[in-house]
file coords32.cif (mmCIF, C-alpha atoms)
data_target
#
loop_
_atom_site.label_atom_id
_atom_site.label_comp_id
_atom_site.auth_asym_id
_atom_site.auth_seq_id
_atom_site.Cartn_x
_atom_site.Cartn_y
_atom_site.Cartn_z
CA MET O 1 105.62 255.53 -41.96
CA LEU O 2 102.40 257.51 -41.67
CA ASN O 3 104.17 260.69 -42.76
CA GLN O 4 105.66 258.90 -45.77
CA ILE O 5 102.25 257.57 -46.81
CA LYS O 6 100.71 261.02 -46.38
CA GLU O 7 103.41 262.76 -48.41
CA ALA O 8 103.23 260.22 -51.25
CA THR O 9 99.43 260.49 -51.30
CA GLU O 10 99.46 264.29 -51.42
CA PHE O 11 102.00 264.24 -54.26
CA ILE O 12 99.72 262.01 -56.35
CA GLN O 13 96.50 263.85 -55.47
CA LYS O 14 97.90 267.04 -57.03
CA ARG O 15 98.39 265.23 -60.34
CA ILE O 16 95.10 263.37 -60.83
CA ALA O 17 91.60 264.65 -61.51
CA ALA O 18 89.47 261.96 -59.86
CA LYS O 19 89.63 259.64 -56.86
CA PRO O 20 90.31 256.08 -58.05
CA GLU O 21 87.72 253.49 -57.03
CA VAL O 22 89.57 250.42 -58.27
CA GLY O 23 93.22 249.51 -57.78
CA ILE O 24 94.94 247.01 -60.09
CA ILE O 25 98.31 245.32 -59.58
CA LEU O 26 99.88 243.97 -62.78
CA GLY O 27 102.35 241.12 -62.36
CA THR O 28 105.29 239.71 -64.32
CA GLY O 29 104.73 239.84 -68.07
CA LEU O 30 101.32 241.44 -67.57
CA GLY O 31 100.26 245.01 -68.11
CA ASP O 32 100.53 246.16 -71.72
CA ARG O 33 97.05 245.08 -72.81
CA MET O 34 95.43 246.14 -69.54
CA VAL O 35 97.01 249.59 -69.78
CA GLU O 36 95.58 249.92 -73.32
CA GLU O 37 92.10 249.60 -71.80
CA ILE O 38 92.62 252.62 -69.52
CA GLU O 39 91.13 255.78 -71.07
CA GLU O 40 92.57 259.27 -70.54
CA PRO O 41 95.66 257.84 -68.84
CA VAL O 42 97.82 259.84 -66.47
CA VAL O 43 101.21 258.20 -65.88
CA ILE O 44 103.37 258.80 -62.80
CA ASN O 45 106.71 257.02 -62.49
CA TYR O 46 107.46 255.41 -59.15
CA ASN O 47 110.78 257.24 -58.92
CA ALA O 48 108.96 260.60 -58.98
CA ILE O 49 106.81 259.82 -55.92
CA PRO O 50 108.24 260.60 -52.47
CA TYR O 51 109.23 257.46 -50.54
CA PHE O 52 107.83 255.19 -53.25
CA PRO O 53 110.00 252.07 -53.73
CA ILE O 54 111.43 251.57 -57.22
CA THR O 55 110.99 248.17 -58.83
CA THR O 56 114.30 246.51 -59.74
CA VAL O 57 112.89 243.76 -61.96
CA ALA O 58 113.32 244.48 -65.68
CA THR O 59 109.86 243.14 -66.59
CA HIS O 60 108.14 245.55 -64.17
CA LYS O 61 107.78 249.09 -65.58
CA GLY O 62 107.47 250.99 -62.31
CA GLN O 63 104.53 253.25 -63.20
CA LEU O 64 101.19 254.24 -61.74
CA ILE O 65 98.53 254.62 -64.44
CA PHE O 66 95.36 256.59 -63.63
CA GLY O 67 92.29 256.79 -65.85
CA LYS O 68 88.90 255.26 -66.65
CA VAL O 69 87.70 251.74 -67.45
CA HIS O 70 83.99 251.42 -68.26
CA GLY O 71 83.43 254.80 -66.62
CA LYS O 72 85.09 253.76 -63.34
CA SER O 73 88.15 255.61 -62.06
CA VAL O 74 91.06 253.19 -61.74
CA MET O 75 94.72 253.21 -60.82
CA ALA O 76 97.08 250.47 -61.96
CA MET O 77 100.48 249.53 -60.63
CA ARG O 78 102.43 248.63 -63.76
CA GLY O 79 104.99 246.60 -61.93
CA ARG O 80 104.97 245.45 -58.33
CA LEU O 81 107.48 245.17 -55.53
CA HIS O 82 108.84 241.91 -54.14
CA TYR O 83 110.38 240.91 -50.84
CA TYR O 84 113.23 239.20 -52.71
CA GLU O 85 114.30 242.56 -54.14
CA GLY O 86 115.48 243.49 -50.67
CA TYR O 87 112.55 245.70 -49.71
CA THR O 88 110.99 245.44 -46.28
CA MET O 89 107.39 244.35 -46.02
CA HIS O 90 106.53 247.88 -44.88
CA GLN O 91 107.95 249.25 -48.13
CA ILE O 92 105.91 246.74 -50.12
CA ALA O 93 102.84 247.82 -48.13
CA LEU O 94 103.28 251.53 -48.85
CA PRO O 95 101.69 251.60 -52.35
CA ILE O 96 98.66 249.68 -51.07
CA ARG O 97 98.27 252.11 -48.16
CA VAL O 98 98.48 254.98 -50.64
CA MET O 99 95.78 253.36 -52.80
CA HIS O 100 93.50 253.31 -49.76
CA MET O 101 94.27 256.95 -48.93
CA LEU O 102 93.45 257.93 -52.52
CA GLY O 103 90.01 256.32 -52.28
CA VAL O 104 90.42 252.79 -53.71
CA GLN O 105 87.72 250.38 -52.51
CA TYR O 106 88.47 247.32 -54.65
CA LEU O 107 91.85 245.69 -55.31
CA LEU O 108 92.36 243.46 -58.36
CA VAL O 109 95.65 241.57 -58.36
CA SER O 110 97.40 239.54 -61.03
CA ASN O 111 100.54 237.45 -60.86
CA ALA O 112 102.62 234.93 -62.75
CA ALA O 113 102.82 231.61 -60.91
CA GLY O 114 104.26 228.16 -61.23
CA ASN O 115 101.69 225.42 -61.76
CA VAL O 116 101.91 222.78 -59.01
CA ASN O 117 98.54 221.17 -59.82
CA LEU O 118 99.39 218.56 -62.45
CA ASN O 119 95.79 218.46 -63.71
CA TRP O 120 96.34 221.97 -65.12
CA ARG O 121 98.69 223.34 -67.77
CA LYS O 122 100.78 226.45 -68.25
CA GLY O 123 98.98 229.28 -70.03
CA GLU O 124 95.79 228.70 -68.06
CA LEU O 125 94.40 230.98 -65.35
CA MET O 126 93.60 230.35 -61.70
CA LEU O 127 91.31 232.41 -59.51
CA LEU O 128 92.61 232.57 -55.94
CA GLU O 129 90.14 231.31 -53.38
CA ASP O 130 92.76 231.12 -50.63
CA HIS O 131 96.49 231.28 -50.01
CA ILE O 132 99.31 229.81 -47.91
CA ASN O 133 101.84 232.35 -46.65
CA LEU O 134 105.34 230.85 -46.56
CA GLN O 135 107.15 234.17 -46.69
CA PRO O 136 109.40 234.95 -43.70
CA ASN O 137 107.74 238.20 -42.64
CA ASN O 138 104.36 239.90 -42.50
CA PRO O 139 103.68 243.52 -43.55
CA LEU O 140 101.42 243.93 -40.49
CA ARG O 141 104.23 243.07 -38.07
CA GLY O 142 105.20 245.89 -35.73
CA GLU O 143 103.20 248.82 -34.47
CA ASN O 144 99.55 248.71 -35.52
CA PHE O 145 97.93 251.91 -36.75
CA GLU O 146 94.24 251.81 -35.82
CA PHE O 147 93.69 254.45 -38.49
CA PHE O 148 94.10 251.66 -41.06
CA GLY O 149 92.67 248.65 -39.25
CA GLU O 150 92.54 246.44 -36.20
CA ARG O 151 95.50 244.65 -34.63
CA PHE O 152 94.36 241.14 -35.60
CA PRO O 153 92.57 241.34 -38.96
CA ASP O 154 90.35 238.40 -39.85
CA MET O 155 91.49 236.35 -42.86
CA SER O 156 88.60 233.92 -43.19
CA GLU O 157 87.79 235.48 -46.58
CA PRO O 158 90.92 237.14 -48.01
CA TYR O 159 89.47 236.93 -51.53
CA SER O 160 85.93 238.18 -51.95
CA LYS O 161 83.45 235.39 -52.64
CA GLU O 162 81.19 237.90 -54.36
CA LEU O 163 83.92 239.14 -56.72
CA ASN O 164 84.98 235.55 -57.40
CA LYS O 165 81.42 234.61 -58.35
CA LYS O 166 81.30 237.54 -60.78
CA LEU O 167 84.64 236.53 -62.32
CA LEU O 168 83.54 232.92 -62.77
CA ARG O 169 80.35 234.08 -64.49
CA ILE O 170 82.36 236.34 -66.80
CA ALA O 171 84.77 233.48 -67.55
CA LYS O 172 81.87 231.21 -68.48
CA LYS O 173 80.35 233.86 -70.72
CA GLU O 174 83.70 234.55 -72.45
CA LYS O 175 84.54 230.82 -72.67
CA ILE O 176 87.70 231.29 -70.59
CA ASN O 177 89.03 228.30 -68.66
CA LEU O 178 89.35 229.74 -65.15
CA HIS O 179 90.39 227.33 -62.41
CA THR O 180 89.97 228.08 -58.70
CA GLY O 181 92.60 227.14 -56.16
CA VAL O 182 95.21 227.96 -53.55
CA TYR O 183 98.27 230.17 -54.05
CA ALA O 184 101.43 229.55 -52.01
CA ALA O 185 103.66 232.58 -51.50
CA VAL O 186 107.39 231.94 -51.06
CA GLN O 187 110.30 234.31 -50.59
CA GLY O 188 112.26 233.72 -53.83
CA PRO O 189 114.02 234.68 -55.99
CA SER O 190 115.21 231.10 -56.58
CA LEU O 191 112.69 228.75 -58.10
CA GLU O 192 111.72 225.64 -56.17
CA THR O 193 113.41 222.25 -56.05
CA ARG O 194 111.63 219.00 -56.91
CA ALA O 195 111.23 218.22 -53.20
CA GLU O 196 109.78 221.67 -52.55
CA TYR O 197 107.22 221.23 -55.32
CA ARG O 198 106.16 217.93 -53.75
CA TYR O 199 105.90 219.63 -50.36
CA LEU O 200 103.77 222.47 -51.76
CA ARG O 201 101.35 220.03 -53.34
CA THR O 202 101.19 218.01 -50.12
CA ILE O 203 100.18 221.06 -48.04
CA GLY O 204 97.42 222.00 -50.48
CA ALA O 205 98.90 224.51 -52.91
CA ASP O 206 97.84 224.57 -56.55
CA VAL O 207 100.30 227.25 -57.65
CA VAL O 208 103.38 228.95 -56.22
CA GLY O 209 104.66 232.51 -56.57
CA MET O 210 106.68 235.24 -54.88
CA SER O 211 104.14 238.03 -54.47
CA THR O 212 100.44 238.88 -53.93
CA VAL O 213 100.02 237.73 -50.33
CA PRO O 214 101.73 240.78 -48.74
CA GLU O 215 99.50 243.13 -50.75
CA ILE O 216 96.38 241.15 -49.86
CA LEU O 217 97.25 241.16 -46.15
CA VAL O 218 97.63 244.94 -46.18
CA ALA O 219 94.49 245.44 -48.25
CA ARG O 220 92.37 243.27 -46.00
CA HIS O 221 93.77 245.06 -42.94
CA MET O 222 92.18 248.20 -44.42
CA ASP O 223 89.00 246.30 -45.37
CA LEU O 224 89.55 246.62 -49.13
CA THR O 225 87.59 244.07 -51.18
CA CYS O 226 90.09 241.86 -53.05
CA CYS O 227 90.39 239.32 -55.82
CA ALA O 228 93.41 237.83 -57.56
CA ILE O 229 94.18 235.80 -60.66
CA SER O 230 97.33 233.80 -61.41
CA VAL O 231 98.62 233.14 -64.90
CA LEU O 232 100.19 229.67 -64.86
CA THR O 233 103.51 230.31 -66.57
CA ASN O 234 105.41 227.04 -66.03
CA ASP O 235 104.52 223.48 -65.10
CA CYS O 236 106.10 222.27 -61.85
CA ASP O 237 106.10 218.50 -62.23
CA PRO O 238 108.81 217.21 -59.87
CA ASP O 239 109.14 213.96 -61.84
CA ASN O 240 109.57 215.79 -65.15
CA LEU O 241 111.19 219.08 -64.22
CA HIS O 242 112.92 221.26 -66.82
CA ARG O 243 115.00 224.40 -66.56
CA VAL O 244 112.87 227.56 -66.75
CA GLU O 245 114.10 230.90 -68.09
CA LEU O 246 112.52 234.25 -67.18
CA GLN O 247 111.75 235.00 -70.83
CA GLN O 248 109.67 231.82 -71.07
CA ILE O 249 107.62 232.98 -68.07
CA VAL O 250 107.16 236.45 -69.56
CA ASP O 251 106.15 235.06 -72.97
CA THR O 252 103.58 232.69 -71.47
CA ALA O 253 102.11 235.48 -69.33
CA ALA O 254 101.85 237.73 -72.38
CA THR O 255 99.93 235.17 -74.41
CA SER O 256 97.43 234.70 -71.58
CA GLU O 257 96.99 238.39 -70.85
CA LYS O 258 94.08 238.89 -73.26
CA ASN O 259 91.89 236.59 -71.14
CA LEU O 260 93.00 238.26 -67.92
CA VAL O 261 92.06 241.64 -69.39
CA LYS O 262 88.59 240.37 -70.37
CA LEU O 263 88.04 239.17 -66.82
CA PHE O 264 89.25 242.34 -65.10
CA THR O 265 87.51 244.79 -67.43
CA GLY O 266 84.32 242.76 -67.24
CA LEU O 267 84.49 242.82 -63.45
CA ILE O 268 85.17 246.54 -63.31
CA GLU O 269 82.11 247.14 -65.49
CA GLN O 270 79.97 245.34 -62.87
CA LEU O 271 81.34 247.11 -59.79
#
call {"tool": "encode", "arguments": {"input": "coords32.cif", "output": "structure tokens"}}
result
Amino acid sequence: MLNQIKEATEFIQKRIAAKPEVGIILGTGLGDRMVEEIEEPVVINYNAIPYFPITTVATHKGQLIFGKVHGKSVMAMRGRLHYYEGYTMHQIALPIRVMHMLGVQYLLVSNAAGNVNLNWRKGELMLLEDHINLQPNNPLRGENFEFFGERFPDMSEPYSKELNKKLLRIAKKEKINLHTGVYAAVQGPSLETRAEYRYLRTIGADVVGMSTVPEILVARHMDLTCCAISVLTNDCDPDNLHRVELQQIVDTAATSEKNLVKLFTGLIEQL
């Protein structure tokens, strides 16, 4: 694994001019507007990078975008990898390890999520203050490489309180309704049943999705400072549940992206 990470990192280093300070992961239906904010972009397709997994979800482009936002060097994953695609957690971890090797210090994550909190509505945003990991594996399982981090990384603050404070201030200034809450990560790809939505609410989840937590676990193992925002793409009311199509999720995420971009670009300006 270390050799794969090293080879992928060296491949990218030869093609970019500056070390990225900020890493961004763009989730389902998100990315077009954020990419437009990146100046002097350099695009590298996942399938060109040695050992880099290739996203199999149509709504995920599979590109690394390098450039500048408010004078800061950034790299964005335009499309992420999911456990349900059949990848191992170690494969999902590889891009985050590469970010660290390239120089990234901050990780900004976005995702599309189902809204379990019935006080909220689809189209709104939630800032992650914590998560519940219900996925069947952990990217840190197996041999630990002290080069990256300690065997038992602390998770008392997976999402930076300082970054969250900044994001809440930006949201207030921009008049963006930004909730704070708990993200539950499940395996997928099937959506949840009515009973499962009730269970998730009972254990303290506000939203549910199929990503984010593996990347955060790896990032925190390497002591990267993290924050994450969910776009609430469908309401998960077990007593009034309707069939959800992928295109509906994508369309809702797209309409909310402008606010997500304001939050992320505003945060990057303050880093």
call {"tool": "residues_around", "arguments": {"input": "coords32.cif", "residues": "range 249-266 of chain O", "least_positions_apart": "4", "cutoff": "10 Å", "atoms": "all atoms listed in the file", "output": "ChimeraX atom specification"}}
result
/O:24,27-38,59,69-70,108-114,122-125,166-171,174-178,227-234,244-245,270-271
call {"tool": "closest_residue", "arguments": {"input": "coords32.cif", "among": "O:Gly62, O:Glu10, O:Leu163, O:Val74", "to": "Glu40 in chain O", "atoms": "only C-alpha atoms"}}
result
O:Val74
call {"tool": "closest_residue", "arguments": {"input": "coords32.cif", "among": "O:Gln248, O:Ser211, O:Asn3, O:Gln105", "to": "Lys19 in chain O", "atoms": "only C-alpha atoms"}}
result
O:Gln105
call {"tool": "residues_around", "arguments": {"input": "coords32.cif", "residues": "Glu196 in chain O", "least_positions_apart": "3", "cutoff": "12 Å", "atoms": "only C-alpha atoms", "output": "JSON list (two decimals) with C-alpha atoms, in the frame of the given file"}}
result
[["chain", "number", "residue", "atom", "x", "y", "z"],
["O", 116, "VAL", "CA", 101.91, 222.78, -59.01],
["O", 134, "LEU", "CA", 105.34, 230.85, -46.56],
["O", 184, "ALA", "CA", 101.43, 229.55, -52.01],
["O", 186, "VAL", "CA", 107.39, 231.94, -51.06],
["O", 190, "SER", "CA", 115.21, 231.10, -56.58],
["O", 191, "LEU", "CA", 112.69, 228.75, -58.10],
["O", 192, "GLU", "CA", 111.72, 225.64, -56.17],
["O", 193, "THR", "CA", 113.41, 222.25, -56.05],
["O", 199, "TYR", "CA", 105.90, 219.63, -50.36],
["O", 200, "LEU", "CA", 103.77, 222.47, -51.76],
["O", 201, "ARG", "CA", 101.35, 220.03, -53.34],
["O", 202, "THR", "CA", 101.19, 218.01, -50.12],
["O", 203, "ILE", "CA", 100.18, 221.06, -48.04],
["O", 205, "ALA", "CA", 98.90, 224.51, -52.91],
["O", 208, "VAL", "CA", 103.38, 228.95, -56.22],
["O", 236, "CYS", "CA", 106.10, 222.27, -61.85],
["O", 237, "ASP", "CA", 106.10, 218.50, -62.23],
["O", 238, "PRO", "CA", 108.81, 217.21, -59.87]]
call {"tool": "atom_distance", "arguments": {"input": "coords32.cif", "atom1": "CA of Leu128 in chain O", "atom2": "CA of Gln187 in chain O"}}
result
18.6 Å
call {"tool": "residues_around", "arguments": {"input": "coords32.cif", "residues": "range 51-53 of chain O", "least_positions_apart": "5", "cutoff": "10 Å", "atoms": "only C-alpha atoms", "output": "PyMOL selection string"}}
result
chain O and resi 1+3-5+7-8+45-46+62+80-81+87+91-92+94-95+98
call {"tool": "atom_distance", "arguments": {"input": "coords32.cif", "atom1": "CA of Arg198 in chain O", "atom2": "CA of Asp154 in chain O"}}
result
29.4 Å
call {"tool": "axis_aligned_box", "arguments": {"input": "coords32.cif", "around": "range 178-188 of chain O", "padding_each_side": "3 Å", "output": "JSON"}}
result
{"center_x": 100.8, "center_y": 230.7, "center_z": -57.9, "size_x": 28.9, "size_y": 13.2, "size_z": 20.6}
call {"tool": "atom_distance", "arguments": {"input": "coords32.cif", "atom1": "CA of Val42 in chain O", "atom2": "CA of Met101 in chain O"}}
result
18.1 Å
call {"tool": "residues_around", "arguments": {"input": "coords32.cif", "residues": "range 136-139 of chain O", "least_positions_apart": "5", "cutoff": "10 Å", "atoms": "all atoms listed in the file", "output": "ChimeraX atom specification"}}
result
/O:83,88-94,185-187,213-218
